Amino acid sequence: MNTVRVAGVGMIPFCKPGQQRPYRVMAAEAIKLALADAGLHAKAIGQAYGAYIYGDSTSAQHAFYDVCQNGIPIINVNNNCSSGSTALFLARQAVLSGQVECALAFGFEEMQPGALGSHWQDRESPFERLDPVLQQFNAPQGPIALRAFGAAGRHYMDKYHVGADIFAKVAEKSRRHAINNPYSMFSTPLTYQQVLNDKVIYDNYLTRLMACPPTCGAAAVIVCSEAFARQHGISSQVKILAQAMATDTELSWQDPINAVGKAMTQQAVEQVYCDAAIGPRDIDVIELHDCFTPNEVITYEALGLCPEGEAVQFIADGDNTYGGRYVIGPSGGLMSKGHPIGATGLAQCTELTWHLRGQAGHRQVDNAKLALQHNVGLGGAVVVTLYGV
C-alpha cells in the first residue's frame, strides 16, 4: 500500500462575508501554521496547489508569495466545492509519483453573502446538465445549489416516506458538536424543533438552519514521503492510506439524489475501501460534505454507513454521534463551521488529523485510528480520503 504522510496542517477560524481579511493574508497565515506544525521552512516545499473558485487567475501565487518566492510550481485548482480536496489529491499524487518529496495543498475563499450563483451569464453553465433531472422531478426554481440539494432531500423524503424532521435532527447534532470547536462560526445549541420552525427557504420544507452559510477563510495541508519525514524528523504519524476521486457517470442523472453526488460517492468510497482492505465498520471518525443536511443523510448511505433507506433508524440510534457507531462531523461540519469553498476540504483534513493525533480537545474522538473524509462539488467531482495512524 502506498502511503503519504500528513506532515503539517493549519487553518484559521472562518468568518462571515464582510468580516474577512484579504484572501492572500488568510491563505498565508494558514500556510505558515501548517509549516510551523510540520517544523519545516517553506523552501522545503517542492510543489503547491492552491484551491479557490471566487478569484482571478494566479491568485494561488499571489497568496503563496506572502510566504515564500522560490520559483516552485504553483497550480491553481477550481473544482467547485471539492476544490480543497482536489488540491490535496494532486499534492498526494505529486509525492507518490516521486516528482517531489514534499507538497503543499492550500485553499482560501472570500465569498459574498447569500446563495451561491454563477458569475458567468454569457456562456453555457456546467450545471445545465442538472436541469432535465430537476425538471423531471418537478423541482421548484431557485439558486442552483439550493435547488439541487433541496430536490434531493424532497426525493429522499418521497422515496422512503420520511419527514423533514430527519434533516432537522442532523442539524441539531452538528450544532451540538460545534459547541466544543473553537474554530466554529456557530456554537449556540439548537433543538430540532427550532430547525424545523426556522424560515423556509425552499420547497416548503428546507429551512435556513438546514443550509450551511457562505463564509470566508483558509486552510493548508503539507504532505510528504516517508523518506522525507524520516530525514526531517516529522513527528506526525498521520498518513493518507487511500484516496479516490470520481466524477459523474450516466448514473448521476437518474434522479436528484444521484445528481448531487451519491453515485460518484459510492464509486470513490468503494475504491478507497478496496485499496485499504477495510470496510465502513472499521472507521472511527468522519468529516463529510454537509452543505445541506439532506446531503449528510444521503451521504450516510452512499458511504455505506447504513443500508439504503435506513438513515432514520441510524440517526435515532445515535450512530452518527459520540457514543454511537461513528462520530460524524465532530467539527460541527460545514453547517456550523462554515463553507469557504476552496478551504473546506483542507479544513476537513485538518480536523481529522487533529483527532488521529489526539489533539482535538473537548471534541476528541477516543482512540481514533481511522478517519474518513468526503468532499463533493456539483458539476461534478467527489474526493474520498482515508487517514490512519
# chains A, B, ... in the order shown; residues from 1 in each chain; ligands from 1
>>> residues_around(residues="Thr265 (chain A)", least_positions_apart="3", cutoff="8 Å", atoms="only C-alpha atoms", output="PyMOL selection string")
chain A and resi 246+261-262+268-269+299+302-303+374+376+382-384
>>> residues_around(residues="Pro140 (chain A)", least_positions_apart="4", cutoff="8 Å", atoms="only C-alpha atoms", output="PDB file with all heavy atoms, in the first residue's frame")
ATOM      1  N   ARG A 147     -31.527  24.531  -5.173  1.00  0.00           N
ATOM      2  CA  ARG A 147     -32.472  23.735  -5.959  1.00  0.00           C
ATOM      3  C   ARG A 147     -32.044  22.267  -6.025  1.00  0.00           C
ATOM      4  O   ARG A 147     -32.867  21.356  -5.857  1.00  0.00           O
ATOM      5  CB  ARG A 147     -32.587  24.317  -7.367  1.00  0.00           C
ATOM      6  CG  ARG A 147     -33.695  23.707  -8.199  1.00  0.00           C
ATOM      7  CD  ARG A 147     -33.774  24.342  -9.569  1.00  0.00           C
ATOM      8  NE  ARG A 147     -34.896  23.817 -10.319  1.00  0.00           N
ATOM      9  CZ  ARG A 147     -34.875  23.562 -11.622  1.00  0.00           C
ATOM     10  NH1 ARG A 147     -33.767  23.815 -12.330  1.00  0.00           N
ATOM     11  NH2 ARG A 147     -35.933  23.073 -12.224  1.00  0.00           N
ATOM     12  N   TYR A 202     -36.808  26.772   0.825  1.00  0.00           N
ATOM     13  CA  TYR A 202     -37.015  26.025  -0.416  1.00  0.00           C
ATOM     14  C   TYR A 202     -38.044  24.924  -0.223  1.00  0.00           C
ATOM     15  O   TYR A 202     -38.007  24.177   0.759  1.00  0.00           O
ATOM     16  CB  TYR A 202     -35.697  25.412  -0.905  1.00  0.00           C
ATOM     17  CG  TYR A 202     -35.804  24.778  -2.284  1.00  0.00           C
ATOM     18  CD1 TYR A 202     -35.779  25.573  -3.427  1.00  0.00           C
ATOM     19  CD2 TYR A 202     -35.955  23.419  -2.436  1.00  0.00           C
ATOM     20  CE1 TYR A 202     -35.899  25.014  -4.688  1.00  0.00           C
ATOM     21  CE2 TYR A 202     -36.075  22.849  -3.690  1.00  0.00           C
ATOM     22  CZ  TYR A 202     -36.049  23.647  -4.816  1.00  0.00           C
ATOM     23  OH  TYR A 202     -36.180  23.098  -6.068  1.00  0.00           O
ATOM     24  N   ASP A 203     -38.967  24.833  -1.167  1.00  0.00           N
ATOM     25  CA  ASP A 203     -39.888  23.700  -1.340  1.00  0.00           C
ATOM     26  C   ASP A 203     -40.687  23.355  -0.091  1.00  0.00           C
ATOM     27  O   ASP A 203     -40.990  22.193   0.174  1.00  0.00           O
ATOM     28  CB  ASP A 203     -39.098  22.475  -1.807  1.00  0.00           C
ATOM     29  CG  ASP A 203     -40.011  21.392  -2.386  1.00  0.00           C
ATOM     30  OD1 ASP A 203     -41.175  21.695  -2.701  1.00  0.00           O
ATOM     31  OD2 ASP A 203     -39.551  20.244  -2.503  1.00  0.00           O
TER      32      ASP A 203
END
>>> select_by_dssp(residues="region 98-198 of chain A", states="helix (DSSP H, G or I)", output="compact mmCIF listing (two decimals) with all heavy atoms, in the first residue's frame")
# COMPACT_ATOMS: atom_id res chain seq x y z
N PRO A 126 -22.00 24.59 -16.63
CA PRO A 126 -21.92 23.13 -16.48
C PRO A 126 -23.11 22.56 -15.72
O PRO A 126 -23.39 21.36 -15.81
CB PRO A 126 -20.62 22.92 -15.69
CG PRO A 126 -20.33 24.24 -15.05
CD PRO A 126 -20.88 25.28 -15.97
N PHE A 127 -23.83 23.41 -15.00
CA PHE A 127 -24.98 22.93 -14.24
C PHE A 127 -26.21 22.70 -15.11
O PHE A 127 -27.23 22.21 -14.63
CB PHE A 127 -25.31 23.91 -13.11
CG PHE A 127 -24.16 24.16 -12.18
CD1 PHE A 127 -23.77 25.45 -11.88
CD2 PHE A 127 -23.43 23.11 -11.65
CE1 PHE A 127 -22.69 25.69 -11.04
CE2 PHE A 127 -22.35 23.34 -10.81
CZ PHE A 127 -21.98 24.63 -10.50
N GLU A 128 -26.13 23.07 -16.39
CA GLU A 128 -27.26 22.84 -17.28
C GLU A 128 -27.59 21.35 -17.39
O GLU A 128 -28.72 20.99 -17.71
CB GLU A 128 -26.97 23.43 -18.66
CG GLU A 128 -27.00 24.96 -18.67
CD GLU A 128 -26.72 25.55 -20.04
OE1 GLU A 128 -26.68 24.79 -21.03
OE2 GLU A 128 -26.53 26.78 -20.12
N ARG A 129 -26.61 20.48 -17.15
CA ARG A 129 -26.88 19.05 -17.20
C ARG A 129 -27.82 18.60 -16.08
O ARG A 129 -28.44 17.53 -16.17
CB ARG A 129 -25.57 18.27 -17.12
CG ARG A 129 -24.68 18.43 -18.34
CD ARG A 129 -23.43 17.57 -18.24
NE ARG A 129 -22.54 17.82 -19.37
CZ ARG A 129 -22.60 17.18 -20.53
NH1 ARG A 129 -23.51 16.25 -20.73
NH2 ARG A 129 -21.74 17.48 -21.50
N LEU A 130 -27.91 19.41 -15.03
CA LEU A 130 -28.82 19.08 -13.93
C LEU A 130 -30.27 19.37 -14.27
O LEU A 130 -31.18 18.74 -13.72
CB LEU A 130 -28.44 19.90 -12.69
CG LEU A 130 -27.26 19.45 -11.85
CD1 LEU A 130 -26.89 20.54 -10.86
CD2 LEU A 130 -27.57 18.17 -11.12
N ASP A 131 -30.50 20.31 -15.16
CA ASP A 131 -31.86 20.80 -15.41
C ASP A 131 -32.86 19.70 -15.78
O ASP A 131 -33.96 19.65 -15.22
CB ASP A 131 -31.85 21.89 -16.47
CG ASP A 131 -31.38 23.23 -15.92
OD1 ASP A 131 -31.41 23.39 -14.68
OD2 ASP A 131 -30.99 24.11 -16.72
N PRO A 132 -32.53 18.80 -16.73
CA PRO A 132 -33.51 17.77 -17.09
C PRO A 132 -33.93 16.89 -15.91
O PRO A 132 -35.09 16.51 -15.79
CB PRO A 132 -32.78 16.95 -18.17
CG PRO A 132 -31.77 17.88 -18.74
CD PRO A 132 -31.34 18.74 -17.59
N VAL A 133 -32.97 16.59 -15.03
CA VAL A 133 -33.29 15.77 -13.87
C VAL A 133 -34.22 16.53 -12.92
O VAL A 133 -35.24 16.00 -12.47
CB VAL A 133 -32.00 15.36 -13.12
CG1 VAL A 133 -32.33 14.45 -11.94
CG2 VAL A 133 -31.02 14.71 -14.05
N LEU A 134 -33.89 17.77 -12.66
CA LEU A 134 -34.69 18.57 -11.72
C LEU A 134 -36.07 18.85 -12.28
O LEU A 134 -37.07 18.85 -11.55
CB LEU A 134 -33.95 19.87 -11.40
CG LEU A 134 -32.57 19.68 -10.74
CD1 LEU A 134 -31.89 21.02 -10.50
CD2 LEU A 134 -32.69 18.92 -9.42
N GLN A 135 -36.15 19.07 -13.59
CA GLN A 135 -37.45 19.29 -14.21
C GLN A 135 -38.29 18.03 -14.18
O GLN A 135 -39.51 18.06 -13.92
CB GLN A 135 -37.25 19.77 -15.65
CG GLN A 135 -36.69 21.18 -15.76
CD GLN A 135 -36.36 21.57 -17.18
OE1 GLN A 135 -36.66 20.84 -18.13
NE2 GLN A 135 -35.74 22.73 -17.35
N GLN A 136 -37.66 16.89 -14.43
CA GLN A 136 -38.39 15.62 -14.42
C GLN A 136 -39.03 15.35 -13.06
O GLN A 136 -40.12 14.77 -12.98
CB GLN A 136 -37.44 14.48 -14.79
CG GLN A 136 -38.09 13.10 -14.78
CD GLN A 136 -37.08 11.98 -15.04
OE1 GLN A 136 -35.94 12.25 -15.41
NE2 GLN A 136 -37.51 10.75 -14.83
N ILE A 144 -28.97 27.43 -7.89
CA ILE A 144 -28.67 26.08 -8.31
C ILE A 144 -28.37 25.13 -7.16
O ILE A 144 -28.89 24.00 -7.12
CB ILE A 144 -27.52 26.06 -9.35
CG1 ILE A 144 -27.29 24.63 -9.86
CG2 ILE A 144 -26.25 26.66 -8.79
CD1 ILE A 144 -28.47 23.99 -10.53
N ALA A 145 -27.53 25.52 -6.21
CA ALA A 145 -27.20 24.60 -5.11
C ALA A 145 -28.43 24.32 -4.26
O ALA A 145 -28.70 23.18 -3.88
CB ALA A 145 -26.07 25.18 -4.26
N LEU A 146 -29.17 25.37 -3.95
CA LEU A 146 -30.39 25.22 -3.16
C LEU A 146 -31.39 24.31 -3.88
O LEU A 146 -32.00 23.42 -3.29
CB LEU A 146 -31.00 26.59 -2.89
CG LEU A 146 -32.23 26.65 -2.00
CD1 LEU A 146 -31.92 26.10 -0.62
CD2 LEU A 146 -32.73 28.09 -1.90
N ARG A 147 -31.53 24.53 -5.17
CA ARG A 147 -32.47 23.74 -5.96
C ARG A 147 -32.04 22.27 -6.02
O ARG A 147 -32.87 21.36 -5.86
CB ARG A 147 -32.59 24.32 -7.37
CG ARG A 147 -33.70 23.71 -8.20
CD ARG A 147 -33.77 24.34 -9.57
NE ARG A 147 -34.90 23.82 -10.32
CZ ARG A 147 -34.87 23.56 -11.62
NH1 ARG A 147 -33.77 23.82 -12.33
NH2 ARG A 147 -35.93 23.07 -12.22
N ALA A 148 -30.75 22.03 -6.28
CA ALA A 148 -30.28 20.66 -6.45
C ALA A 148 -30.37 19.86 -5.15
O ALA A 148 -30.93 18.75 -5.11
CB ALA A 148 -28.84 20.68 -6.97
N PHE A 149 -29.83 20.41 -4.07
CA PHE A 149 -29.84 19.67 -2.81
C PHE A 149 -31.23 19.66 -2.18
O PHE A 149 -31.60 18.69 -1.51
CB PHE A 149 -28.80 20.24 -1.85
CG PHE A 149 -27.39 19.94 -2.26
CD1 PHE A 149 -26.60 20.90 -2.88
CD2 PHE A 149 -26.85 18.69 -2.06
CE1 PHE A 149 -25.30 20.62 -3.28
CE2 PHE A 149 -25.55 18.39 -2.45
CZ PHE A 149 -24.77 19.36 -3.06
N GLY A 150 -32.00 20.73 -2.41
CA GLY A 150 -33.39 20.73 -1.95
C GLY A 150 -34.21 19.66 -2.65
O GLY A 150 -35.02 18.95 -2.02
N ALA A 151 -34.01 19.50 -3.95
CA ALA A 151 -34.72 18.46 -4.70
C ALA A 151 -34.29 17.07 -4.25
O ALA A 151 -35.10 16.14 -4.18
CB ALA A 151 -34.47 18.64 -6.19
N ALA A 152 -33.00 16.92 -3.93
CA ALA A 152 -32.51 15.63 -3.45
C ALA A 152 -33.17 15.26 -2.12
O ALA A 152 -33.56 14.11 -1.91
CB ALA A 152 -30.99 15.68 -3.30
N GLY A 153 -33.30 16.25 -1.23
CA GLY A 153 -33.96 16.00 0.04
C GLY A 153 -35.42 15.64 -0.14
O GLY A 153 -35.94 14.72 0.51
N ARG A 154 -36.11 16.35 -1.04
CA ARG A 154 -37.51 16.05 -1.31
C ARG A 154 -37.66 14.64 -1.88
O ARG A 154 -38.56 13.88 -1.47
CB ARG A 154 -38.08 17.08 -2.29
CG ARG A 154 -39.47 16.75 -2.83
CD ARG A 154 -40.50 16.67 -1.72
NE ARG A 154 -40.72 17.98 -1.10
CZ ARG A 154 -41.49 18.16 -0.02
NH1 ARG A 154 -42.06 17.11 0.56
NH2 ARG A 154 -41.63 19.37 0.49
N HIS A 155 -36.77 14.26 -2.80
CA HIS A 155 -36.84 12.93 -3.39
C HIS A 155 -36.58 11.86 -2.32
O HIS A 155 -37.24 10.80 -2.33
CB HIS A 155 -35.82 12.80 -4.52
CG HIS A 155 -35.92 11.53 -5.29
ND1 HIS A 155 -37.06 11.14 -5.97
CD2 HIS A 155 -35.01 10.53 -5.48
CE1 HIS A 155 -36.85 9.97 -6.55
NE2 HIS A 155 -35.62 9.58 -6.26
N TYR A 156 -35.66 12.13 -1.40
CA TYR A 156 -35.40 11.17 -0.33
C TYR A 156 -36.64 10.99 0.55
O TYR A 156 -37.01 9.86 0.89
CB TYR A 156 -34.21 11.63 0.52
CG TYR A 156 -33.77 10.59 1.51
CD1 TYR A 156 -32.78 9.67 1.18
CD2 TYR A 156 -34.36 10.50 2.78
CE1 TYR A 156 -32.38 8.69 2.09
CE2 TYR A 156 -33.97 9.52 3.69
CZ TYR A 156 -32.98 8.62 3.34
OH TYR A 156 -32.60 7.64 4.23
N MET A 157 -37.28 12.10 0.90
CA MET A 157 -38.48 12.01 1.74
C MET A 157 -39.58 11.22 1.04
O MET A 157 -40.24 10.37 1.64
CB MET A 157 -38.97 13.41 2.10
CG MET A 157 -38.08 14.15 3.07
SD MET A 157 -38.84 15.65 3.74
CE MET A 157 -38.91 16.69 2.27
N ASP A 158 -39.78 11.49 -0.26
CA ASP A 158 -40.83 10.80 -1.01
C ASP A 158 -40.51 9.32 -1.19
O ASP A 158 -41.39 8.46 -1.09
CB ASP A 158 -41.02 11.46 -2.38
CG ASP A 158 -41.59 12.86 -2.29
OD1 ASP A 158 -42.12 13.22 -1.21
OD2 ASP A 158 -41.51 13.61 -3.28
N LYS A 159 -39.25 9.03 -1.45
CA LYS A 159 -38.84 7.65 -1.74
C LYS A 159 -38.95 6.75 -0.51
O LYS A 159 -39.36 5.59 -0.60
CB LYS A 159 -37.41 7.65 -2.27
CG LYS A 159 -36.89 6.28 -2.70
CD LYS A 159 -35.50 6.39 -3.31
CE LYS A 159 -35.00 5.03 -3.80
NZ LYS A 159 -33.65 5.13 -4.42
N TYR A 160 -38.58 7.30 0.66
CA TYR A 160 -38.54 6.48 1.87
C TYR A 160 -39.62 6.84 2.88
O TYR A 160 -39.62 6.31 4.00
CB TYR A 160 -37.15 6.58 2.51
CG TYR A 160 -36.07 6.03 1.61
CD1 TYR A 160 -35.08 6.87 1.07
CD2 TYR A 160 -36.03 4.68 1.24
CE1 TYR A 160 -34.08 6.37 0.23
CE2 TYR A 160 -35.06 4.18 0.39
CZ TYR A 160 -34.09 5.03 -0.10
OH TYR A 160 -33.11 4.54 -0.94
N ASP A 165 -38.16 16.19 9.60
CA ASP A 165 -37.53 16.16 10.92
C ASP A 165 -36.21 15.40 10.91
O ASP A 165 -35.32 15.67 11.72
CB ASP A 165 -38.48 15.57 11.95
CG ASP A 165 -38.85 14.13 11.64
OD1 ASP A 165 -39.17 13.84 10.47
OD2 ASP A 165 -38.85 13.32 12.57
N ILE A 166 -36.03 14.46 9.96
CA ILE A 166 -34.77 13.73 9.87
C ILE A 166 -33.62 14.68 9.58
O ILE A 166 -32.52 14.55 10.13
CB ILE A 166 -34.86 12.62 8.79
CG1 ILE A 166 -33.59 11.76 8.79
CG2 ILE A 166 -35.09 13.20 7.41
CD1 ILE A 166 -33.66 10.58 7.84
N PHE A 167 -33.87 15.68 8.73
CA PHE A 167 -32.82 16.65 8.40
C PHE A 167 -32.60 17.62 9.55
O PHE A 167 -31.48 18.08 9.79
CB PHE A 167 -33.20 17.41 7.13
CG PHE A 167 -33.55 16.52 5.97
CD1 PHE A 167 -34.67 16.77 5.19
CD2 PHE A 167 -32.77 15.41 5.66
CE1 PHE A 167 -35.00 15.95 4.13
CE2 PHE A 167 -33.10 14.58 4.60
CZ PHE A 167 -34.21 14.86 3.83
N ALA A 168 -33.67 17.93 10.28
CA ALA A 168 -33.55 18.84 11.43
C ALA A 168 -32.74 18.19 12.54
O ALA A 168 -31.95 18.86 13.22
CB ALA A 168 -34.94 19.22 11.92
N LYS A 169 -32.90 16.91 12.73
CA LYS A 169 -32.15 16.20 13.78
C LYS A 169 -30.65 16.18 13.46
O LYS A 169 -29.81 16.25 14.36
CB LYS A 169 -32.71 14.80 13.96
CG LYS A 169 -34.09 14.79 14.59
CD LYS A 169 -34.69 13.40 14.65
CE LYS A 169 -36.08 13.44 15.28
NZ LYS A 169 -36.74 12.12 15.29
N VAL A 170 -30.32 16.08 12.19
CA VAL A 170 -28.92 16.13 11.79
C VAL A 170 -28.35 17.52 12.08
O VAL A 170 -27.21 17.65 12.56
CB VAL A 170 -28.77 15.78 10.30
CG1 VAL A 170 -27.38 16.13 9.78
CG2 VAL A 170 -29.04 14.29 10.09
N ALA A 171 -29.11 18.58 11.79
CA ALA A 171 -28.65 19.94 12.07
C ALA A 171 -28.43 20.15 13.57
O ALA A 171 -27.45 20.79 13.98
CB ALA A 171 -29.66 20.96 11.54
N GLU A 172 -29.31 19.59 14.38
CA GLU A 172 -29.16 19.69 15.84
C GLU A 172 -27.89 19.00 16.30
O GLU A 172 -27.14 19.51 17.14
CB GLU A 172 -30.38 19.09 16.52
CG GLU A 172 -30.35 19.13 18.04
CD GLU A 172 -29.59 17.96 18.67
OE1 GLU A 172 -29.64 16.85 18.11
OE2 GLU A 172 -28.92 18.17 19.70
N LYS A 173 -27.63 17.82 15.74
CA LYS A 173 -26.41 17.07 16.08
C LYS A 173 -25.16 17.86 15.71
O LYS A 173 -24.20 17.95 16.49
CB LYS A 173 -26.42 15.72 15.37
CG LYS A 173 -25.19 14.85 15.57
CD LYS A 173 -24.08 15.08 14.52
CE LYS A 173 -24.52 14.86 13.10
NZ LYS A 173 -23.39 15.13 12.15
N SER A 174 -25.15 18.45 14.52
CA SER A 174 -23.99 19.20 14.06
C SER A 174 -23.69 20.38 14.97
O SER A 174 -22.53 20.65 15.32
CB SER A 174 -24.21 19.68 12.62
OG SER A 174 -24.35 18.58 11.75
N ARG A 175 -24.73 21.09 15.37
CA ARG A 175 -24.53 22.24 16.25
C ARG A 175 -24.08 21.79 17.64
O ARG A 175 -23.25 22.47 18.28
CB ARG A 175 -25.82 23.05 16.35
CG ARG A 175 -25.68 24.35 17.12
CD ARG A 175 -24.72 25.31 16.44
NE ARG A 175 -25.24 25.80 15.18
CZ ARG A 175 -26.05 26.86 15.06
NH1 ARG A 175 -26.41 27.54 16.15
NH2 ARG A 175 -26.47 27.25 13.87
N ARG A 176 -24.57 20.65 18.08
CA ARG A 176 -24.13 20.12 19.38
C ARG A 176 -22.63 19.82 19.35
O ARG A 176 -21.91 20.08 20.32
CB ARG A 176 -24.95 18.87 19.71
CG ARG A 176 -24.60 18.22 21.01
CD ARG A 176 -25.65 17.21 21.49
NE ARG A 176 -26.52 16.72 20.46
CZ ARG A 176 -26.34 15.56 19.82
NH1 ARG A 176 -25.29 14.82 20.08
NH2 ARG A 176 -27.21 15.16 18.92
N HIS A 177 -22.14 19.28 18.25
CA HIS A 177 -20.71 19.02 18.11
C HIS A 177 -19.91 20.32 18.08
O HIS A 177 -18.81 20.40 18.62
CB HIS A 177 -20.44 18.22 16.84
CG HIS A 177 -20.91 16.81 16.89
ND1 HIS A 177 -20.73 15.92 15.86
CD2 HIS A 177 -21.58 16.11 17.86
CE1 HIS A 177 -21.25 14.75 16.18
NE2 HIS A 177 -21.78 14.85 17.38
N ALA A 178 -20.46 21.33 17.42
CA ALA A 178 -19.74 22.60 17.23
C ALA A 178 -19.49 23.35 18.53
O ALA A 178 -18.59 24.19 18.60
CB ALA A 178 -20.52 23.50 16.27
N TYR A 192 -34.07 20.40 17.41
CA TYR A 192 -34.53 20.12 16.05
C TYR A 192 -35.85 20.82 15.75
O TYR A 192 -36.15 21.15 14.61
CB TYR A 192 -34.59 18.61 15.80
CG TYR A 192 -35.82 17.89 16.29
CD1 TYR A 192 -36.95 17.74 15.48
CD2 TYR A 192 -35.86 17.32 17.56
CE1 TYR A 192 -38.07 17.06 15.93
CE2 TYR A 192 -36.95 16.63 18.01
CZ TYR A 192 -38.07 16.51 17.19
OH TYR A 192 -39.18 15.84 17.63
N GLN A 193 -36.62 21.14 16.80
CA GLN A 193 -37.85 21.91 16.58
C GLN A 193 -37.52 23.33 16.11
O GLN A 193 -38.21 23.88 15.25
CB GLN A 193 -38.68 21.97 17.86
CG GLN A 193 -39.31 20.64 18.25
CD GLN A 193 -38.41 19.85 19.20
OE1 GLN A 193 -37.23 20.18 19.36
NE2 GLN A 193 -38.98 18.83 19.83
N GLN A 194 -36.45 23.91 16.66
CA GLN A 194 -36.01 25.23 16.18
C GLN A 194 -35.62 25.18 14.71
O GLN A 194 -35.91 26.10 13.95
CB GLN A 194 -34.83 25.72 17.02
CG GLN A 194 -35.16 26.21 18.40
CD GLN A 194 -33.91 26.62 19.16
OE1 GLN A 194 -33.05 25.79 19.45
NE2 GLN A 194 -33.79 27.91 19.46
N VAL A 195 -34.96 24.13 14.33
CA VAL A 195 -34.56 23.98 12.94
C VAL A 195 -35.78 23.87 12.05
O VAL A 195 -35.89 24.54 11.02
CB VAL A 195 -33.64 22.75 12.75
CG1 VAL A 195 -33.24 22.60 11.29
CG2 VAL A 195 -32.41 22.85 13.63
N LEU A 196 -36.74 23.04 12.44
CA LEU A 196 -37.96 22.86 11.65
C LEU A 196 -38.78 24.14 11.54
O LEU A 196 -39.42 24.40 10.52
CB LEU A 196 -38.83 21.76 12.27
CG LEU A 196 -38.42 20.31 12.00
CD1 LEU A 196 -39.31 19.37 12.80
CD2 LEU A 196 -38.51 19.99 10.51
N ASN A 197 -38.75 24.94 12.61
CA ASN A 197 -39.59 26.13 12.65
C ASN A 197 -38.90 27.38 12.12
O ASN A 197 -39.50 28.46 12.10
CB ASN A 197 -40.06 26.39 14.09
CG ASN A 197 -40.99 25.31 14.59
OD1 ASN A 197 -41.72 24.69 13.80
ND2 ASN A 197 -40.97 25.05 15.89
>>> closest_atom_pairs(of="region 165-230 of chain A", to="region 31-35 of chain A", cutoff="9 Å", atoms="only C-alpha atoms", output="Markdown table")
| residue | atom | partner | partner_atom | distance |
| --- | --- | --- | --- | --- |
| A:Ala218 | CA | A:Ile31 | CA | 8.7 |
| A:Ala219 | CA | A:Ile31 | CA | 7.2 |
| A:Ala220 | CA | A:Ile31 | CA | 5.3 |
| A:Val221 | CA | A:Ala34 | CA | 6.1 |
| A:Ile222 | CA | A:Ala34 | CA | 6.6 |
>>> residues_around(residues="region 282-292 of chain A", least_positions_apart="5", cutoff="7 Å", atoms="only C-alpha atoms", output="list in words")
Phe149, Met210, Ala211, Cys212, Tyr326, Val327, Ile328, Gly329, Gly333, Leu334, Met335, Gln348, Ala368, Lys369, Leu370, Ala371, Leu372, Gln373, His374, Asn375 and Val376 of chain A
>>> select_by_dssp(residues="region 257-347 of chain A", states="strand (DSSP E)", output="ChimeraX atom specification")
/A:285-287,327-328
>>> residues_around(residues="region 97-107 of chain A", least_positions_apart="5", cutoff="7 Å", atoms="only C-alpha atoms", output="mmCIF file with C-alpha atoms, in the first residue's frame")
data_model
loop_
_atom_site.group_PDB
_atom_site.id
_atom_site.type_symbol
_atom_site.label_atom_id
_atom_site.label_comp_id
_atom_site.auth_asym_id
_atom_site.auth_seq_id
_atom_site.Cartn_x
_atom_site.Cartn_y
_atom_site.Cartn_z
ATOM 1 C CA ALA A 27 -4.078 31.904 2.996
ATOM 2 C CA ILE A 31 0.244 28.039 5.225
ATOM 3 C CA ALA A 44 11.205 22.515 1.703
ATOM 4 C CA ILE A 45 8.018 22.504 -0.385
ATOM 5 C CA GLY A 46 8.529 21.180 -3.907
ATOM 6 C CA GLN A 47 5.116 21.980 -5.384
ATOM 7 C CA ALA A 48 1.995 23.811 -4.214
ATOM 8 C CA TYR A 49 -1.669 23.555 -5.177
ATOM 9 C CA GLY A 50 -3.948 26.482 -4.298
ATOM 10 C CA ALA A 51 -7.732 25.950 -4.293
ATOM 11 C CA TYR A 52 -10.423 28.618 -4.684
ATOM 12 C CA GLY A 84 -9.688 21.847 -1.486
ATOM 13 C CA ALA A 87 -5.704 20.170 -4.343
ATOM 14 C CA LEU A 88 -4.845 17.548 -1.725
ATOM 15 C CA ALA A 91 -0.393 17.090 -3.900
ATOM 16 C CA ALA A 218 -8.319 29.432 4.637
ATOM 17 C CA ALA A 219 -6.661 26.109 5.459
ATOM 18 C CA ALA A 220 -3.479 24.310 4.427
ATOM 19 C CA VAL A 221 -2.022 20.799 4.486
ATOM 20 C CA ILE A 222 1.559 19.650 3.854
ATOM 21 C CA VAL A 223 2.149 16.081 2.669
ATOM 22 C CA CYS A 224 5.436 14.269 2.233
ATOM 23 C CA SER A 225 7.038 10.919 1.548
ATOM 24 C CA PHE A 228 11.306 12.893 3.716
ATOM 25 C CA GLY A 342 -11.582 26.436 -1.521
ATOM 26 C CA ALA A 343 -10.672 25.833 2.122
ATOM 27 C CA LEU A 346 -8.436 21.081 3.685
#
>>> closest_atom_pairs(of="region 173-218 of chain A", to="region 6-20 of chain A", cutoff="8 Å", atoms="only C-alpha atoms", output="tab-separated table")
residue	atom	partner	partner_atom	distance
A:Pro182	CA	A:Pro13	CA	7.9
A:Tyr183	CA	A:Pro13	CA	4.7
A:Ser184	CA	A:Pro13	CA	6.9
A:Met185	CA	A:Phe14	CA	6.5
A:Pro214	CA	A:Lys16	CA	7.0
A:Thr215	CA	A:Lys16	CA	4.9
A:Cys216	CA	A:Cys15	CA	5.3
A:Gly217	CA	A:Phe14	CA	4.6
A:Ala218	CA	A:Met11	CA	5.9
>>> closest_residue(among="A:Ser336, A:Asn180, A:Ser82, A:Asn204", to="Gly361 (chain A)", atoms="only C-alpha atoms")
A:Asn180
>>> closest_residue(among="A:His232, A:Arg92, A:His119, A:His339", to="Tyr54 (chain A)", atoms="only C-alpha atoms")
A:His119
>>> closest_residue(among="A:Ala94, A:Ala36, A:Leu190, A:Ala28", to="Phe64 (chain A)", atoms="only C-alpha atoms")
A:Ala28
>>> closest_residue(among="A:Val389, A:Val272, A:Ala360, A:Ala263", to="Leu251 (chain A)", atoms="only C-alpha atoms")
A:Ala263
>>> residues_around(residues="Ala277 (chain A)", least_positions_apart="3", cutoff="10 Å", atoms="only C-alpha atoms", output="VMD selection string")
chain A and resid 1 242 271 to 274
>>> closest_residue(among="A:Glu310, A:Leu378, A:Lys199, A:Leu352", to="Asp248 (chain A)", atoms="only C-alpha atoms")
A:Leu378
>>> closest_residue(among="A:Gly304, A:Gly163, A:Gly379, A:Gly323", to="Ile278 (chain A)", atoms="only C-alpha atoms")
A:Gly304
>>> decode(residues="region 15-24 of chain A", atoms="C-alpha atoms", output="compact mmCIF listing (two decimals), in the first residue's frame")
# COMPACT_ATOMS: atom_id res chain seq x y z
CA CYS A 15 -15.95 34.27 9.30
CA LYS A 16 -18.96 35.84 7.66
CA PRO A 17 -18.51 37.71 4.36
CA GLY A 18 -17.59 41.30 5.09
CA GLN A 19 -15.58 40.41 8.19
CA GLN A 20 -12.65 38.76 6.40
CA ARG A 21 -9.11 39.86 5.73
CA PRO A 22 -7.79 39.74 2.14
CA TYR A 23 -7.56 36.20 0.78
CA ARG A 24 -3.78 36.31 0.44
